[in-house]
$ cat data.txt   # compact mmCIF, C-alpha atoms
# COMPACT_ATOMS: atom_id res chain seq x y z
CA MET C 80 -111.42 -55.83 47.55
CA PRO C 81 -109.83 -52.59 48.85
CA LEU C 82 -109.95 -49.63 46.53
CA LEU C 83 -106.51 -48.68 45.21
CA LEU C 84 -106.04 -44.94 44.75
CA LEU C 85 -103.54 -43.97 42.08
CA PRO C 86 -101.75 -40.62 42.15
CA PRO C 87 -102.81 -38.14 39.49
CA PRO C 88 -100.72 -38.17 36.30
CA PRO C 89 -97.96 -35.55 36.09
CA PRO C 90 -98.80 -32.42 34.11
CA PRO C 91 -97.61 -32.42 30.49
CA PRO C 92 -94.38 -30.53 29.75
CA PRO C 93 -94.80 -26.99 28.42
CA ALA C 94 -94.98 -26.81 24.65
CA ARG C 95 -92.27 -25.02 22.71
CA VAL C 96 -93.58 -22.62 20.09
CA LEU C 97 -91.52 -23.40 17.03
CA ALA C 98 -93.90 -21.77 14.58
CA GLU C 99 -96.65 -19.21 15.08
CA LEU C 100 -99.18 -17.71 12.68
CA VAL C 101 -100.29 -14.29 13.94
CA PRO C 102 -103.33 -12.20 12.94
CA PRO C 103 -102.99 -8.58 11.75
CA ARG C 104 -103.44 -5.65 14.12
CA ALA C 105 -106.36 -3.28 13.56
CA ASP C 106 -104.62 -0.20 14.96
CA GLY C 107 -101.74 -0.35 12.49
CA ALA C 108 -99.16 -0.04 15.27
CA GLU C 109 -95.52 -0.76 14.51
CA THR C 110 -94.29 -4.31 15.06
CA ASP C 111 -92.32 -4.96 18.25
CA TRP C 112 -89.39 -6.96 16.84
CA ALA C 113 -87.47 -7.07 20.13
CA GLY C 114 -90.45 -8.55 21.91
CA ALA C 115 -90.98 -11.04 19.09
CA ALA C 116 -87.47 -12.38 19.43
CA LYS C 117 -88.19 -13.02 23.14
CA GLY C 118 -91.40 -14.90 22.41
CA ALA C 119 -93.92 -12.06 22.84
CA PRO C 120 -97.00 -12.07 20.57
CA LEU C 121 -96.28 -10.46 17.19
CA PRO C 122 -99.12 -8.78 15.26
CA GLY C 123 -99.41 -8.87 11.49
CA ARG C 124 -99.65 -11.49 8.81
CA GLU C 125 -96.35 -13.13 9.61
CA VAL C 126 -95.06 -16.51 10.63
CA GLN C 127 -92.42 -16.80 13.35
CA VAL C 128 -90.10 -19.77 13.25
CA SER C 129 -86.83 -20.97 14.72
CA GLY C 130 -84.20 -23.11 13.03
CA ALA C 131 -81.10 -24.91 14.22
CA ALA C 132 -78.16 -26.64 12.58
CA GLU C 133 -74.88 -28.27 13.56
CA LEU C 134 -71.89 -28.91 11.29
CA SER C 135 -68.34 -30.10 11.80
CA ALA C 136 -65.04 -29.84 9.98
CA GLY C 137 -61.90 -31.89 10.41
CA PRO C 138 -58.52 -30.15 10.54
CA ASP C 139 -57.01 -29.16 7.21
CA ARG C 140 -53.43 -28.52 8.37
CA ALA C 141 -50.85 -30.46 10.37
CA ARG C 142 -47.61 -29.12 11.78
CA VAL C 143 -44.72 -31.50 12.42
CA THR C 144 -41.67 -30.46 14.43
CA ILE C 145 -38.36 -32.23 13.87
CA ARG C 146 -35.48 -31.68 16.30
CA LEU C 147 -31.91 -32.75 15.68
CA ARG C 148 -28.58 -32.17 17.39
CA SER C 149 -24.91 -32.99 17.11
CA GLN C 150 -22.04 -32.61 19.58
CA LYS C 151 -18.47 -32.80 18.24
CA ALA C 152 -15.01 -31.83 19.30
CA GLU C 153 -14.73 -29.53 16.30
CA ALA C 154 -17.20 -26.83 15.42
CA SER C 155 -17.16 -27.57 11.72
CA ALA C 156 -17.94 -31.24 12.33
CA ALA C 157 -20.99 -30.38 14.47
CA ARG C 158 -22.28 -27.95 11.85
CA SER C 159 -21.66 -30.41 9.02
CA SER C 160 -23.52 -33.22 10.80
CA VAL C 161 -26.64 -31.12 11.37
CA THR C 162 -26.55 -29.54 7.90
CA ARG C 163 -26.28 -32.94 6.25
CA ARG C 164 -29.36 -34.23 8.06
CA LEU C 165 -31.28 -31.04 7.33
CA ASP C 166 -30.62 -31.60 3.64
CA TYR C 167 -31.76 -35.20 4.00
CA ILE C 168 -35.02 -34.09 5.64
CA ALA C 169 -35.63 -31.58 2.84
CA GLN C 170 -34.99 -34.27 0.22
CA ALA C 171 -37.38 -36.69 1.92
CA ALA C 172 -40.10 -34.02 2.09
CA ARG C 173 -39.57 -33.21 -1.58
CA GLN C 174 -39.65 -36.82 -2.80
CA ARG C 175 -42.29 -38.30 -0.50
CA GLY C 176 -44.33 -35.24 0.34
CA GLY C 177 -45.24 -34.35 -3.21
CA GLY C 178 -42.81 -31.47 -3.44
CA LEU C 179 -41.14 -29.32 -0.84
CA PRO C 180 -43.67 -27.10 0.98
CA SER C 181 -43.51 -23.38 0.32
CA GLU C 182 -41.27 -21.16 2.42
CA GLU C 183 -44.12 -19.89 4.59
CA ASN C 184 -44.88 -23.50 5.57
CA VAL C 185 -41.31 -24.35 6.62
CA THR C 186 -39.35 -22.75 9.43
CA VAL C 187 -35.81 -23.71 10.48
CA THR C 188 -34.10 -22.48 13.63
CA LYS C 189 -30.50 -23.25 14.60
CA ASN C 190 -28.60 -22.89 17.84
CA PHE C 191 -24.83 -23.27 18.23
CA SER C 192 -23.19 -23.54 21.66
CA ARG C 193 -20.03 -24.72 23.35
CA ILE C 194 -20.04 -27.26 26.18
CA ASP C 195 -16.70 -27.78 27.92
CA ASN C 196 -14.35 -28.84 25.14
CA ALA C 197 -17.07 -29.74 22.63
CA TYR C 198 -19.36 -27.89 20.25
CA LYS C 199 -23.09 -28.52 20.17
CA MET C 200 -25.29 -27.75 17.20
CA GLU C 201 -29.09 -27.96 17.49
CA ALA C 202 -31.74 -27.38 14.86
CA GLU C 203 -35.53 -27.43 14.75
CA VAL C 204 -37.59 -27.81 11.58
CA CYS C 205 -41.35 -27.10 11.52
CA ILE C 206 -43.18 -28.30 8.40
CA THR C 207 -46.85 -27.65 7.73
CA PHE C 208 -48.70 -30.24 5.64
CA SER C 209 -52.10 -30.11 3.99
CA ASN C 210 -51.93 -33.76 2.86
CA PHE C 211 -51.99 -35.96 5.95
CA GLU C 212 -51.15 -39.20 4.15
CA LYS C 213 -47.98 -37.72 2.70
CA MET C 214 -47.14 -36.21 6.08
CA GLN C 215 -47.36 -39.63 7.69
CA ASP C 216 -45.25 -41.17 4.93
CA VAL C 217 -42.51 -38.55 5.39
CA CYS C 218 -42.46 -38.97 9.18
CA ASN C 219 -42.34 -42.76 9.02
CA PHE C 220 -39.51 -42.62 6.50
CA LEU C 221 -37.44 -40.24 8.66
CA VAL C 222 -37.97 -42.33 11.78
CA GLU C 223 -36.71 -45.37 9.90
CA LYS C 224 -33.67 -43.73 8.27
CA LEU C 225 -32.38 -41.29 10.89
CA ASP C 226 -30.80 -42.14 14.24
CA SER C 227 -32.08 -41.39 17.74
CA SER C 228 -30.55 -37.91 17.70
CA VAL C 229 -33.48 -36.86 15.50
CA ILE C 230 -36.77 -36.44 17.38
CA ILE C 231 -40.05 -36.13 15.47
CA SER C 232 -42.92 -34.78 17.52
CA PRO C 233 -46.50 -36.01 17.00
CA PRO C 234 -48.38 -33.87 14.44
CA HIS C 235 -50.35 -30.89 15.66
CA PHE C 236 -53.62 -30.63 13.71
CA TYR C 237 -55.43 -27.34 13.28
CA HIS C 238 -57.71 -25.34 10.98
CA THR C 239 -56.96 -22.40 8.78
CA VAL C 240 -58.88 -19.19 9.40
CA GLU C 241 -60.65 -19.59 6.05
CA THR C 242 -61.92 -23.05 7.00
CA ILE C 243 -63.39 -21.87 10.30
CA ASP C 244 -65.01 -18.82 8.69
CA ASN C 245 -66.55 -20.98 5.98
CA LEU C 246 -67.87 -23.45 8.57
CA ARG C 247 -69.53 -20.62 10.51
CA ARG C 248 -71.18 -19.32 7.36
CA GLN C 249 -72.39 -22.76 6.31
CA VAL C 250 -73.96 -23.59 9.68
CA CYS C 251 -75.65 -20.18 9.75
CA LEU C 252 -77.12 -20.71 6.29
CA ALA C 253 -78.20 -24.24 7.23
CA ALA C 254 -80.05 -22.95 10.30
CA ILE C 255 -81.76 -20.27 8.20
CA GLY C 256 -82.70 -22.87 5.61
CA SER C 257 -84.20 -25.03 8.36
CA ALA C 258 -86.29 -22.11 9.58
CA GLN C 259 -87.43 -21.27 6.05
CA GLN C 260 -88.43 -24.86 5.33
CA LYS C 261 -90.39 -24.98 8.58
CA ALA C 262 -92.18 -21.75 7.69
CA GLN C 263 -93.07 -23.08 4.24
CA GLU C 264 -94.54 -26.25 5.70
CA VAL C 265 -96.60 -24.25 8.22
CA CYS C 266 -97.99 -21.96 5.50
CA ARG C 267 -98.76 -24.90 3.25
CA LEU C 268 -100.64 -26.57 6.10
CA PHE C 269 -102.90 -23.52 6.42
CA GLY C 270 -103.30 -22.94 2.70
CA GLN C 271 -101.05 -19.89 2.64
CA SER C 272 -97.98 -18.87 0.65
CA LEU C 273 -94.69 -17.87 2.23
CA GLY C 274 -93.48 -14.36 1.45
CA LYS C 275 -90.24 -12.49 1.97
CA PRO C 276 -88.29 -12.58 5.25
CA LEU C 277 -89.02 -9.67 7.57
CA LEU C 278 -86.51 -10.50 10.30
CA ILE C 279 -83.61 -12.93 10.63
CA ARG C 280 -81.73 -12.99 13.90
CA GLU C 281 -79.05 -15.32 15.22
CA GLU C 282 -79.98 -16.31 18.75
CA GLU C 283 -77.03 -18.54 19.58
CA MET C 284 -73.82 -19.90 18.12
CA LYS C 285 -71.53 -22.39 19.84
CA GLU C 286 -68.14 -23.83 18.88
CA TRP C 287 -66.20 -26.67 20.44
CA GLU C 288 -63.45 -29.16 19.59
CA GLY C 289 -63.88 -32.90 19.82
CA HIS C 290 -67.22 -34.69 20.05
CA LEU C 291 -69.06 -34.05 23.32
CA GLU C 292 -70.66 -37.51 23.34
CA SER C 293 -67.33 -39.38 23.15
CA PRO C 294 -64.60 -37.18 24.65
CA ILE C 295 -61.01 -38.42 24.52
CA THR C 296 -59.42 -38.50 27.96
CA ASN C 297 -56.08 -40.08 27.06
CA PRO C 298 -52.90 -38.03 27.54
CA SER C 299 -51.97 -36.14 24.39
CA ASP C 300 -48.68 -38.04 24.01
CA SER C 301 -50.47 -41.42 23.83
CA LEU C 302 -53.13 -40.51 21.27
CA SER C 303 -53.30 -42.29 17.95
CA LEU C 304 -53.46 -40.37 14.70
CA GLN C 305 -57.22 -40.88 14.39
CA GLN C 306 -57.74 -39.75 17.99
CA ARG C 307 -55.75 -36.60 17.30
CA LEU C 308 -57.88 -35.90 14.26
CA GLN C 309 -61.06 -36.44 16.27
CA ARG C 310 -59.87 -34.18 19.07
CA ALA C 311 -59.00 -31.42 16.57
CA THR C 312 -62.37 -31.63 14.76
CA VAL C 313 -64.35 -28.42 15.23
CA TYR C 314 -68.12 -28.44 15.72
CA VAL C 315 -70.31 -25.37 15.26
CA SER C 316 -74.01 -25.07 16.08
CA SER C 317 -76.36 -22.18 15.32
CA LYS C 318 -79.90 -21.24 16.32
CA MET C 319 -81.79 -18.69 14.24
CA PHE C 320 -85.04 -16.81 14.74
CA ALA C 321 -86.87 -15.68 11.61
CA VAL C 322 -90.09 -13.87 10.70
CA PHE C 323 -91.58 -14.32 7.23
CA GLU C 324 -94.41 -12.53 5.50
CA ILE C 325 -97.54 -14.56 4.72
CA LYS C 326 -99.14 -14.23 1.31
CA GLY C 327 -102.68 -15.24 0.38
CA GLU C 328 -106.18 -14.34 1.47
CA LYS C 329 -106.70 -13.28 5.05
CA ARG C 330 -108.54 -15.69 7.25
CA LYS C 331 -111.60 -14.66 9.23
CA HIS C 332 -110.16 -15.97 12.47
CA PRO C 333 -106.58 -15.77 13.70
CA ALA C 334 -104.66 -18.97 13.47
CA LEU C 335 -102.15 -20.10 16.03
CA LEU C 336 -100.09 -23.22 15.67
CA ASN C 337 -97.89 -24.72 18.38
CA MET C 338 -95.49 -27.48 17.37
CA ASN C 339 -93.87 -29.55 20.12

$ encode --input "data.txt" --output "structure tokens"
Amino acid sequence: MPLLLLPPPPPPPPARVLAELVPPRADGAETDWAGAAKGAPLPGREVQVSGAAELSAGPDRARVTIRLRSQKAEASAARSSVTRRLDYIAQAARQRGGGLPSEENVTVTKNFSRIDNAYKMEAEVCITFSNFEKMQDVCNFLVEKLDSSVIISPPHFYHTVETIDNLRRQVCLAAIGSAQQKAQEVCRLFGQSLGKPLLIREEEMKEWEGHLESPITNPSDSLSLQQRLQRATVYVSSKMFAVFEIKGEKRKHPALLNMN
């Protein structure tokens, strides 16, 4: 039987150092923190770890734009027609939207012009909602009750500045917590106690809208409400590098732990 020669197995992938226990230096030299953050050996009784986290937040505001117009032979008739429907929109928002939104959440612009022998009155109302169910109820009601001269745009979902800032803080704290938990487990494995943090550094933070694994490619005008919410969802990821002090008796030999 002929001898079948098999190719040598591929080399194993390089290991990522996610936690490292480092021995103390005898010369008492100052720690090179910059080199530690880049992966260089760090002297001293410390444990180096990295932590990562990813969080998301759906939009907490929606802006709806309502456009209406009227063209009449008399100026007063055009104004009256638009004003009457503006009052109707305000009443619907008050009754079905849980109260009329505050002034800073409602903007009304009007434009009056003359076309040949007629007068044209146009108005645009922008209402910001924090309750999406009530927003949808108000929009459906207006579509049903008002004629085709009233155009309601699809809602534009977005986040307040406070929501984004809070999400960034939360993902940062979650990444730090992940690093701390990893350091505690490493110290426990070697019979040591975790001390105070000596260095905490954010290595990377990313933000994006919509889920990367299932992007929505439909035109914006044809999106459903749930698709609009998904597209407006913000994701934030953070990677942290941390160095913690190690408590407990010194070991006779330096310990180094690589975790794949």

$ residues_around --input "data.txt" --residues "Leu277 of chain C" --least-positions-apart "3" --cutoff "10 Å" --atoms "only C-alpha atoms" --output "PDB file with C-alpha atoms, in the coordinates of the input"
ATOM      1  CA  TRP C 112     -89.390  -6.960  16.840  1.00  0.00           C
ATOM      2  CA  GLU C 125     -96.350 -13.130   9.610  1.00  0.00           C
ATOM      3  CA  VAL C 126     -95.060 -16.510  10.630  1.00  0.00           C
ATOM      4  CA  GLN C 127     -92.420 -16.800  13.350  1.00  0.00           C
ATOM      5  CA  GLY C 274     -93.480 -14.360   1.450  1.00  0.00           C
ATOM      6  CA  ALA C 321     -86.870 -15.680  11.610  1.00  0.00           C
ATOM      7  CA  VAL C 322     -90.090 -13.870  10.700  1.00  0.00           C
ATOM      8  CA  PHE C 323     -91.580 -14.320   7.230  1.00  0.00           C
ATOM      9  CA  GLU C 324     -94.410 -12.530   5.500  1.00  0.00           C
TER      10      GLU C 324
END

$ closest_residue --input "data.txt" --among "C:Ala154, C:Leu221, C:Val187, C:Ile325" --to "Ala262 of chain C" --atoms "only C-alpha atoms"
C:Ile325

$ closest_residue --input "data.txt" --among "C:Arg175, C:Arg140, C:Arg280, C:Lys199" --to "Ala258 of chain C" --atoms "all atoms listed in the file"
C:Arg280

$ atom_distance --input "data.txt" --atom1 "atom CA of Val229 of chain C" --atom2 "atom CA of Leu147 of chain C"
4.4 Å

$ closest_residue --input "data.txt" --among "C:Pro233, C:Gly130, C:Gly270, C:Gly289" --to "Phe320 of chain C" --atoms "only C-alpha atoms"
C:Gly130

$ closest_residue --input "data.txt" --among "C:Glu241, C:Arg146, C:Ser192, C:His235" --to "Gln306 of chain C" --atoms "all atoms listed in the file"
C:His235

$ closest_residue --input "data.txt" --among "C:Ile255, C:Arg124, C:Asn190, C:Tyr198" --to "Ala156 of chain C" --atoms "only C-alpha atoms"
C:Tyr198

$ residues_around --input "data.txt" --residues "Glu212 of chain C" --least-positions-apart "5" --cutoff "12 Å" --atoms "all atoms listed in the file" --output "list in words"
Arg140, Ala141, Arg175, Gly176, Gly177, Val217, Cys218, Asn219, Pro234 and Leu304 of chain C

$ closest_residue --input "data.txt" --among "C:Lys275, C:Lys261, C:Lys224, C:Lys326" --to "Ser129 of chain C" --atoms "all atoms listed in the file"
C:Lys261

$ atom_distance --input "data.txt" --atom1 "atom CA of Tyr237 of chain C" --atom2 "atom CA of Arg148 of chain C"
27.6 Å

$ residues_around --input "data.txt" --residues "Tyr314 of chain C" --least-positions-apart "2" --cutoff "6 Å" --atoms "all atoms listed in the file" --output "list in words"
Leu134, Ser135, Glu286 and Trp287 of chain C

$ write_last_selection --input "data.txt" --atoms "C-alpha atoms" --output "PDB file, in the coordinates of the input"
ATOM      1  CA  LEU C 134     -71.890 -28.910  11.290  1.00  0.00           C
ATOM      2  CA  SER C 135     -68.340 -30.100  11.800  1.00  0.00           C
ATOM      3  CA  GLU C 286     -68.140 -23.830  18.880  1.00  0.00           C
ATOM      4  CA  TRP C 287     -66.200 -26.670  20.440  1.00  0.00           C
TER       5      TRP C 287
END

$ residues_around --input "data.txt" --residues "Lys189 of chain C" --least-positions-apart "4" --cutoff "8 Å" --atoms "only C-alpha atoms" --output "PyMOL selection string"
chain C and resi 200-203

$ residues_around --input "data.txt" --residues "Glu282 of chain C" --least-positions-apart "3" --cutoff "8 Å" --atoms "only C-alpha atoms" --output "list in words"
Ser317, Lys318, Met319 and Phe320 of chain C

$ atom_distance --input "data.txt" --atom1 "atom CA of Ser227 of chain C" --atom2 "atom CA of Asp166 of chain C"
17.2 Å
